[in-house]
Structure formats: C-alpha cells, structure tokens
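File shown: upload_15.pdb (PDB, C-alpha atoms).
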```
ATOM      1  CA  VAL A   1    -115.788 -90.636-125.425
ATOM      2  CA  VAL A   2    -112.213 -91.799-124.934
ATOM      3  CA  VAL A   3    -112.192 -94.820-122.584
ATOM      4  CA  LEU A   4    -109.244 -95.480-120.257
ATOM      5  CA  PRO A   5    -109.389 -98.922-118.613
ATOM      6  CA  GLY A   6    -107.892 -99.386-115.169
ATOM      7  CA  GLY A   7    -105.377-101.910-113.930
ATOM      8  CA  GLY A   8    -103.047-100.160-111.503
ATOM      9  CA  TYR A   9    -100.849 -98.830-114.323
ATOM     10  CA  GLN A  10     -99.568-102.425-114.566
ATOM     11  CA  HIS A  11    -102.179-104.130-116.778
ATOM     12  CA  LEU A  12    -105.390-103.061-118.530
ATOM     13  CA  SER A  13    -108.878-104.360-117.754
ATOM     14  CA  MET A  14    -109.730-104.256-121.464
ATOM     15  CA  GLU A  15    -113.052-106.110-121.234
ATOM     16  CA  LYS A  16    -114.778-104.962-118.025
ATOM     17  CA  GLU A  17    -113.473-101.384-118.190
ATOM     18  CA  GLY A  18    -112.858-101.164-121.917
ATOM     19  CA  SER A  19    -114.870-103.018-124.549
ATOM     20  CA  GLU A  20    -117.926-103.559-122.314
ATOM     21  CA  ILE A  21    -118.125 -99.812-121.615
ATOM     22  CA  ALA A  22    -117.506 -98.939-125.277
ATOM     23  CA  ASN A  23    -120.248-101.334-126.379
ATOM     24  CA  TRP A  24    -122.673 -99.876-123.824
ATOM     25  CA  LEU A  25    -121.861 -96.330-124.959
ATOM     26  CA  ALA A  26    -122.385 -97.363-128.590
ATOM     27  CA  SER A  27    -125.757 -98.888-127.649
ATOM     28  CA  ILE A  28    -126.936 -95.457-126.492
ATOM     29  CA  GLY A  29    -125.550 -93.656-129.541
ATOM     30  CA  VAL A  30    -122.193 -92.504-128.159
ATOM     31  CA  THR A  31    -119.027 -93.138-130.159
ATOM     32  CA  ALA A  32    -116.296 -94.630-127.959
ATOM     33  CA  PHE A  33    -112.560 -95.143-128.382
ATOM     34  CA  VAL A  34    -110.765 -97.552-126.017
ATOM     35  CA  VAL A  35    -107.132 -96.624-125.396
ATOM     36  CA  ARG A  36    -104.424 -99.232-124.889
ATOM     37  CA  TYR A  37    -101.926 -96.991-123.108
ATOM     38  CA  ARG A  38     -98.383 -97.924-122.093
ATOM     39  CA  LEU A  39     -97.814 -99.237-118.565
ATOM     40  CA  GLY A  40     -95.379 -99.539-115.690
ATOM     41  CA  PRO A  41     -93.043-100.757-114.623
ATOM     42  CA  THR A  42     -91.572-100.446-118.135
ATOM     43  CA  TYR A  43     -92.988 -96.941-118.650
ATOM     44  CA  HIS A  44     -93.514 -94.150-116.120
ATOM     45  CA  HIS A  45     -94.953 -90.643-116.189
ATOM     46  CA  PRO A  46     -95.192 -88.752-118.552
ATOM     47  CA  ILE A  47     -95.630 -91.620-121.069
ATOM     48  CA  GLU A  48     -99.156 -92.593-119.960
ATOM     49  CA  LEU A  49    -100.332 -88.985-119.906
ATOM     50  CA  GLY A  50     -98.898 -88.465-123.378
ATOM     51  CA  ASP A  51    -100.813 -91.521-124.628
ATOM     52  CA  ALA A  52    -104.108 -90.182-123.215
ATOM     53  CA  GLN A  53    -103.474 -86.684-124.574
ATOM     54  CA  ARG A  54    -102.657 -88.145-127.991
ATOM     55  CA  ALA A  55    -105.948 -90.088-127.927
ATOM     56  CA  ILE A  56    -107.956 -86.892-127.275
ATOM     57  CA  ARG A  57    -106.013 -85.062-129.989
ATOM     58  CA  THR A  58    -106.525 -87.914-132.476
ATOM     59  CA  VAL A  59    -110.293 -87.977-131.973
ATOM     60  CA  ARG A  60    -110.425 -84.181-132.420
ATOM     61  CA  ALA A  61    -108.189 -84.186-135.492
ATOM     62  CA  ARG A  62    -110.173 -86.973-137.190
ATOM     63  CA  ALA A  63    -113.633 -85.960-135.920
ATOM     64  CA  GLY A  64    -114.944 -85.071-139.384
ATOM     65  CA  GLU A  65    -113.757 -88.361-140.822
ATOM     66  CA  TRP A  66    -115.360 -90.317-137.968
ATOM     67  CA  GLY A  67    -118.575 -88.282-137.820
ATOM     68  CA  VAL A  68    -118.127 -86.979-134.281
ATOM     69  CA  ASP A  69    -118.292 -83.460-132.872
ATOM     70  CA  ALA A  70    -114.739 -82.198-132.193
ATOM     71  CA  GLY A  71    -116.181 -79.887-129.526
ATOM     72  CA  ARG A  72    -117.741 -82.728-127.533
ATOM     73  CA  VAL A  73    -114.862 -85.110-126.821
ATOM     74  CA  GLY A  74    -114.962 -86.481-123.302
ATOM     75  CA  ILE A  75    -112.995 -89.013-121.331
ATOM     76  CA  ILE A  76    -113.994 -91.825-118.954
ATOM     77  CA  GLY A  77    -111.575 -93.733-116.782
ATOM     78  CA  PHE A  78    -111.766 -96.479-114.198
ATOM     79  CA  SER A  79    -109.497 -96.798-111.133
ATOM     80  CA  ALA A  80    -105.948 -96.050-112.394
ATOM     81  CA  GLY A  81    -107.566 -95.198-115.734
ATOM     82  CA  GLY A  82    -109.641 -92.703-113.714
ATOM     83  CA  HIS A  83    -106.410 -91.182-112.465
ATOM     84  CA  LEU A  84    -105.142 -90.961-116.019
ATOM     85  CA  ALA A  85    -108.439 -89.358-117.090
ATOM     86  CA  SER A  86    -108.255 -86.809-114.246
ATOM     87  CA  SER A  87    -104.618 -86.119-115.121
ATOM     88  CA  THR A  88    -105.650 -85.520-118.736
ATOM     89  CA  GLY A  89    -108.286 -83.055-117.542
ATOM     90  CA  THR A  90    -105.851 -81.158-115.327
ATOM     91  CA  HIS A  91    -102.742 -81.280-117.564
ATOM     92  CA  PHE A  92    -103.639 -80.229-121.094
ATOM     93  CA  ASP A  93    -102.721 -77.740-123.779
ATOM     94  CA  ALA A  94    -104.373 -76.069-126.756
ATOM     95  CA  GLY A  95    -102.200 -77.900-129.278
ATOM     96  CA  THR A  96     -99.336 -76.632-131.405
ATOM     97  CA  PRO A  97    -100.772 -74.782-134.437
ATOM     98  CA  SER A  98     -97.415 -74.797-136.254
ATOM     99  CA  SER A  99     -96.855 -78.561-135.915
ATOM    100  CA  GLY A 100     -96.393 -80.579-139.080
ATOM    101  CA  ASP A 101     -98.444 -83.320-137.389
ATOM    102  CA  VAL A 102    -102.151 -82.481-137.793
ATOM    103  CA  VAL A 103    -102.960 -84.439-134.599
ATOM    104  CA  GLU A 104    -100.558 -82.333-132.521
ATOM    105  CA  ARG A 105    -102.372 -79.175-133.667
ATOM    106  CA  ALA A 106    -105.506 -80.232-131.744
ATOM    107  CA  SER A 107    -106.242 -79.490-128.096
ATOM    108  CA  SER A 108    -105.670 -82.274-125.571
ATOM    109  CA  ARG A 109    -108.290 -80.883-123.144
ATOM    110  CA  PRO A 110    -111.284 -83.187-122.720
ATOM    111  CA  ASP A 111    -114.647 -81.376-122.833
ATOM    112  CA  PHE A 112    -115.871 -83.426-119.857
ATOM    113  CA  MET A 113    -114.614 -86.176-117.560
ATOM    114  CA  ILE A 114    -116.297 -89.212-116.051
ATOM    115  CA  LEU A 115    -114.179 -90.672-113.268
ATOM    116  CA  MET A 116    -115.265 -94.102-112.054
ATOM    117  CA  TYR A 117    -113.772 -95.098-108.692
ATOM    118  CA  PRO A 118    -110.633 -93.164-109.665
ATOM    119  CA  VAL A 119    -107.258 -93.171-108.058
ATOM    120  CA  ILE A 120    -106.857 -89.430-107.403
ATOM    121  CA  THR A 121    -103.930 -88.723-105.111
ATOM    122  CA  MET A 122    -100.321 -89.878-105.330
ATOM    123  CA  ARG A 123     -99.317 -88.439-101.931
ATOM    124  CA  GLY A 124     -98.532 -91.822-100.375
ATOM    125  CA  ASP A 125    -101.073 -91.589 -97.549
ATOM    126  CA  SER A 126    -103.904 -93.998 -96.734
ATOM    127  CA  LEU A 127    -105.930 -92.643 -99.697
ATOM    128  CA  THR A 128    -103.275 -93.546-102.260
ATOM    129  CA  HIS A 129    -103.330 -96.762-104.260
ATOM    130  CA  LEU A 130     -99.668 -97.527-103.699
ATOM    131  CA  GLY A 131     -99.369 -99.975-106.609
ATOM    132  CA  SER A 132    -100.619 -97.338-109.047
ATOM    133  CA  ARG A 133     -98.226 -94.784-107.565
ATOM    134  CA  LYS A 134     -95.230 -97.121-107.866
ATOM    135  CA  ASN A 135     -96.100 -98.191-111.425
ATOM    136  CA  LEU A 136     -96.698 -94.609-112.593
ATOM    137  CA  LEU A 137     -94.028 -92.675-110.693
ATOM    138  CA  GLY A 138     -91.399 -95.300-109.798
ATOM    139  CA  GLU A 139     -90.026 -96.487-106.469
ATOM    140  CA  SER A 140     -88.992 -93.166-104.916
ATOM    141  CA  PRO A 141     -90.645 -90.287-106.766
ATOM    142  CA  ASP A 142     -89.622 -86.696-106.193
ATOM    143  CA  SER A 143     -92.079 -84.787-103.983
ATOM    144  CA  ALA A 144     -92.717 -82.237-106.759
ATOM    145  CA  LEU A 145     -93.729 -85.060-109.123
ATOM    146  CA  VAL A 146     -96.017 -86.549-106.464
ATOM    147  CA  ARG A 147     -97.723 -83.177-106.061
ATOM    148  CA  LEU A 148     -97.963 -82.662-109.822
ATOM    149  CA  MET A 149     -99.664 -86.032-110.307
ATOM    150  CA  SER A 150    -102.074 -85.670-107.356
ATOM    151  CA  SER A 151    -105.121 -84.573-109.325
ATOM    152  CA  GLU A 152    -106.943 -83.058-106.346
ATOM    153  CA  LEU A 153    -104.153 -80.458-106.162
ATOM    154  CA  GLN A 154    -104.307 -79.575-109.878
ATOM    155  CA  VAL A 155    -107.948 -78.512-110.318
ATOM    156  CA  THR A 156    -108.414 -74.997-111.741
ATOM    157  CA  HIS A 157    -111.231 -73.001-113.316
ATOM    158  CA  GLU A 158    -110.167 -74.558-116.658
ATOM    159  CA  THR A 159    -110.683 -78.141-115.462
ATOM    160  CA  PRO A 160    -113.521 -79.706-117.508
ATOM    161  CA  PRO A 161    -116.903 -80.473-115.924
ATOM    162  CA  THR A 162    -116.529 -83.757-114.071
ATOM    163  CA  PHE A 163    -118.765 -86.566-112.835
ATOM    164  CA  ILE A 164    -117.199 -88.789-110.164
ATOM    165  CA  ALA A 165    -118.601 -92.099-108.921
ATOM    166  CA  HIS A 166    -117.014 -93.832-105.954
ATOM    167  CA  SER A 167    -118.399 -96.255-103.401
ATOM    168  CA  THR A 168    -117.560 -99.051-101.034
ATOM    169  CA  ASP A 169    -119.067-102.527-100.827
TER
END
```

Encoding of this model in structure tokens:
Amino acid sequence: VVVLPGGGYQHLSMEKEGSEIANWLASIGVTAFVVRYRLGPTYHHPIELGDAQRAIRTVRARAGEWGVDAGRVGIIGFSAGGHLASSTGTHFDAGTPSSGDVVERASSRPDFMILMYPVITMRGDSLTHLGSRKNLLGESPDSALVRLMSSELQVTHETPPTFIAHSTD
C-alpha cells in the first residue's frame, strides 16, 4: 500500500498519517510505502499527481525485488493526501512500454483506494477545502483545471474499487 499523508498540500503529517499508518499496516502483514510528495505553494498540479503516480509505478516495477504482488498495489490517503489518492485513481495510464526507464513502463493505476476523510472536490463551494485548492491549483485556477481535479467528476468504470471513511466530531 502506498501511503499519502495529508497536510493541505502545504505540509505533510508524516507521523500521524504516514509512519503510524505504515507501522500498523506492517503489523498486519501489509507492506507499506510512505510518499514524501512535493507541496505548494512552491509546486502545483501536476507535480503532486506525478509524484503519486511515480510511487505506484516504482512499487510495481520493483515488486519482485521487494517481495510484493505487482497486481495488488493499493493507495491510502488522508485529507489532502486522500485527494491525491483519489486523483491517482482517476488519472492514470498503463505505462509506456517503450520507455528506457523501467519504472515508467509500469501502470500508475492503483488496484484499490482507501480514502480517509479525503478532500474530493476543488469546485470552490462549501465542500471544498480552500487551502488545499489554493496550494494545489494556485490562486485563480482555470475552470477546466478545477473540474479536472474534482475527483467526484472523474469517476469512470475504470476507477479502482474504493473505500471511503468520513465523519464529523
């Protein structure tokens, strides 16, 4: 499982939503990889998505070396990391077979997604986490980019099976 910590695309909650989750997964026999992806405001889309896709590809390409099943690579994300996970599951490709980079030959599609209290939409309404939107898309994003990065609008029959957990206190 590739783990994407949250932090509003501005910082990463590497312990609570990273190493603690990876350690728990390991305790139940699941191999976990915590991703330290690039953040706003220095970086904007598509950098973060590329980092998550590269993580999936890397696990697949090195699965034999690491003793994991290349056909069972999932992703879990928390808050903004949940948005990045859902984006990875709705924006993927089969890889580039002719690439000289063995990692780029692998598919970036996760086999399943676990979205924990994810940011989902970027539309700018009351459901949007505006800090995540600003850090990912910039101050005044184009409406086509907002639509593209609103995961609820990108689900297709090819979207991986997904478990979503969300609640209020």

So which residues fall inside 9 Å of (-115.9, -92.1, -116.5) if we count only C-alpha atoms? Mind giving them as a PyMOL selection string?
chain A and resi 3-4+74-78+81-82+85+113-118+162-165

As a check of understanding, name the residues that the PyMOL selection byres ((chain A and resi 6) around 9) selects in the supplied structure, as a PDB file with C-alpha atoms, keeping the file's coordinate frame.
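Ended up saving to result-v9.pdb:
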```pdb
ATOM      1  CA  LEU A   4    -109.244 -95.480-120.257  1.00  0.00           C
ATOM      2  CA  PRO A   5    -109.389 -98.922-118.613  1.00  0.00           C
ATOM      3  CA  GLY A   7    -105.377-101.910-113.930  1.00  0.00           C
ATOM      4  CA  GLY A   8    -103.047-100.160-111.503  1.00  0.00           C
ATOM      5  CA  TYR A   9    -100.849 -98.830-114.323  1.00  0.00           C
ATOM      6  CA  GLN A  10     -99.568-102.425-114.566  1.00  0.00           C
ATOM      7  CA  HIS A  11    -102.179-104.130-116.778  1.00  0.00           C
ATOM      8  CA  LEU A  12    -105.390-103.061-118.530  1.00  0.00           C
ATOM      9  CA  SER A  13    -108.878-104.360-117.754  1.00  0.00           C
ATOM     10  CA  MET A  14    -109.730-104.256-121.464  1.00  0.00           C
ATOM     11  CA  GLU A  17    -113.473-101.384-118.190  1.00  0.00           C
ATOM     12  CA  GLY A  18    -112.858-101.164-121.917  1.00  0.00           C
ATOM     13  CA  GLY A  77    -111.575 -93.733-116.782  1.00  0.00           C
ATOM     14  CA  PHE A  78    -111.766 -96.479-114.198  1.00  0.00           C
ATOM     15  CA  SER A  79    -109.497 -96.798-111.133  1.00  0.00           C
ATOM     16  CA  ALA A  80    -105.948 -96.050-112.394  1.00  0.00           C
ATOM     17  CA  GLY A  81    -107.566 -95.198-115.734  1.00  0.00           C
ATOM     18  CA  GLY A  82    -109.641 -92.703-113.714  1.00  0.00           C
ATOM     19  CA  HIS A  83    -106.410 -91.182-112.465  1.00  0.00           C
ATOM     20  CA  LEU A  84    -105.142 -90.961-116.019  1.00  0.00           C
ATOM     21  CA  PRO A 118    -110.633 -93.164-109.665  1.00  0.00           C
TER      22      PRO A 118
END
```

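Once the PyMOL selection byres ((chain A and resi 32) around 10) is applied to this file, the selection holds Val1, Val2, Val3, Gly18, Ser19, Ile21, Ala22, Asn23, Trp24, Leu25, Ala26, Gly29, Val30, Thr31, Phe33, Val34, Val35, Val59, Val73, Gly74, Ile75 and Ile76 of chain A.
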
Take the residues that were just selected and, keeping C-alpha atoms, output them as an mmCIF file, in the frame of the given file.
```
data_model
loop_
_atom_site.group_PDB
_atom_site.id
_atom_site.type_symbol
_atom_site.label_atom_id
_atom_site.label_comp_id
_atom_site.auth_asym_id
_atom_site.auth_seq_id
_atom_site.Cartn_x
_atom_site.Cartn_y
_atom_site.Cartn_z
ATOM 1 C CA VAL A 1 -115.788 -90.636 -125.425
ATOM 2 C CA VAL A 2 -112.213 -91.799 -124.934
ATOM 3 C CA VAL A 3 -112.192 -94.820 -122.584
ATOM 4 C CA GLY A 18 -112.858 -101.164 -121.917
ATOM 5 C CA SER A 19 -114.870 -103.018 -124.549
ATOM 6 C CA ILE A 21 -118.125 -99.812 -121.615
ATOM 7 C CA ALA A 22 -117.506 -98.939 -125.277
ATOM 8 C CA ASN A 23 -120.248 -101.334 -126.379
ATOM 9 C CA TRP A 24 -122.673 -99.876 -123.824
ATOM 10 C CA LEU A 25 -121.861 -96.330 -124.959
ATOM 11 C CA ALA A 26 -122.385 -97.363 -128.590
ATOM 12 C CA GLY A 29 -125.550 -93.656 -129.541
ATOM 13 C CA VAL A 30 -122.193 -92.504 -128.159
ATOM 14 C CA THR A 31 -119.027 -93.138 -130.159
ATOM 15 C CA PHE A 33 -112.560 -95.143 -128.382
ATOM 16 C CA VAL A 34 -110.765 -97.552 -126.017
ATOM 17 C CA VAL A 35 -107.132 -96.624 -125.396
ATOM 18 C CA VAL A 59 -110.293 -87.977 -131.973
ATOM 19 C CA VAL A 73 -114.862 -85.110 -126.821
ATOM 20 C CA GLY A 74 -114.962 -86.481 -123.302
ATOM 21 C CA ILE A 75 -112.995 -89.013 -121.331
ATOM 22 C CA ILE A 76 -113.994 -91.825 -118.954
#
```

Can I get the residues of stretch 2-46 of chain A within 12 Å of stretch 149-153 of chain A, each with the closest pair of atoms and their distance in Å to one decimal, using all atoms listed in the file, sorted chain first then ascending number, as a tab-separated table?
```
residue	atom	partner	partner_atom	distance
A:His44	CA	A:Met149	CA	11.7
A:His45	CA	A:Met149	CA	8.8
A:Pro46	CA	A:Met149	CA	9.8
```

Pick from A:Gly67, A:Glu48, A:Gly124, A:Thr42, whichever lies nearest to A:Asp142 using all atoms listed in the file:
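Checking each of A:Gly67, A:Glu48, A:Gly124, A:Thr42 against A:Asp142, counting all atoms listed in the file, the winner is A:Gly124.
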
Determine the nearest neighbour of A:Arg123 from the options A:Leu136, A:Val146, A:Val103, A:Ser87, counting all atoms listed in the file.
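Closest to A:Arg123, using all atoms listed in the file: A:Val146.
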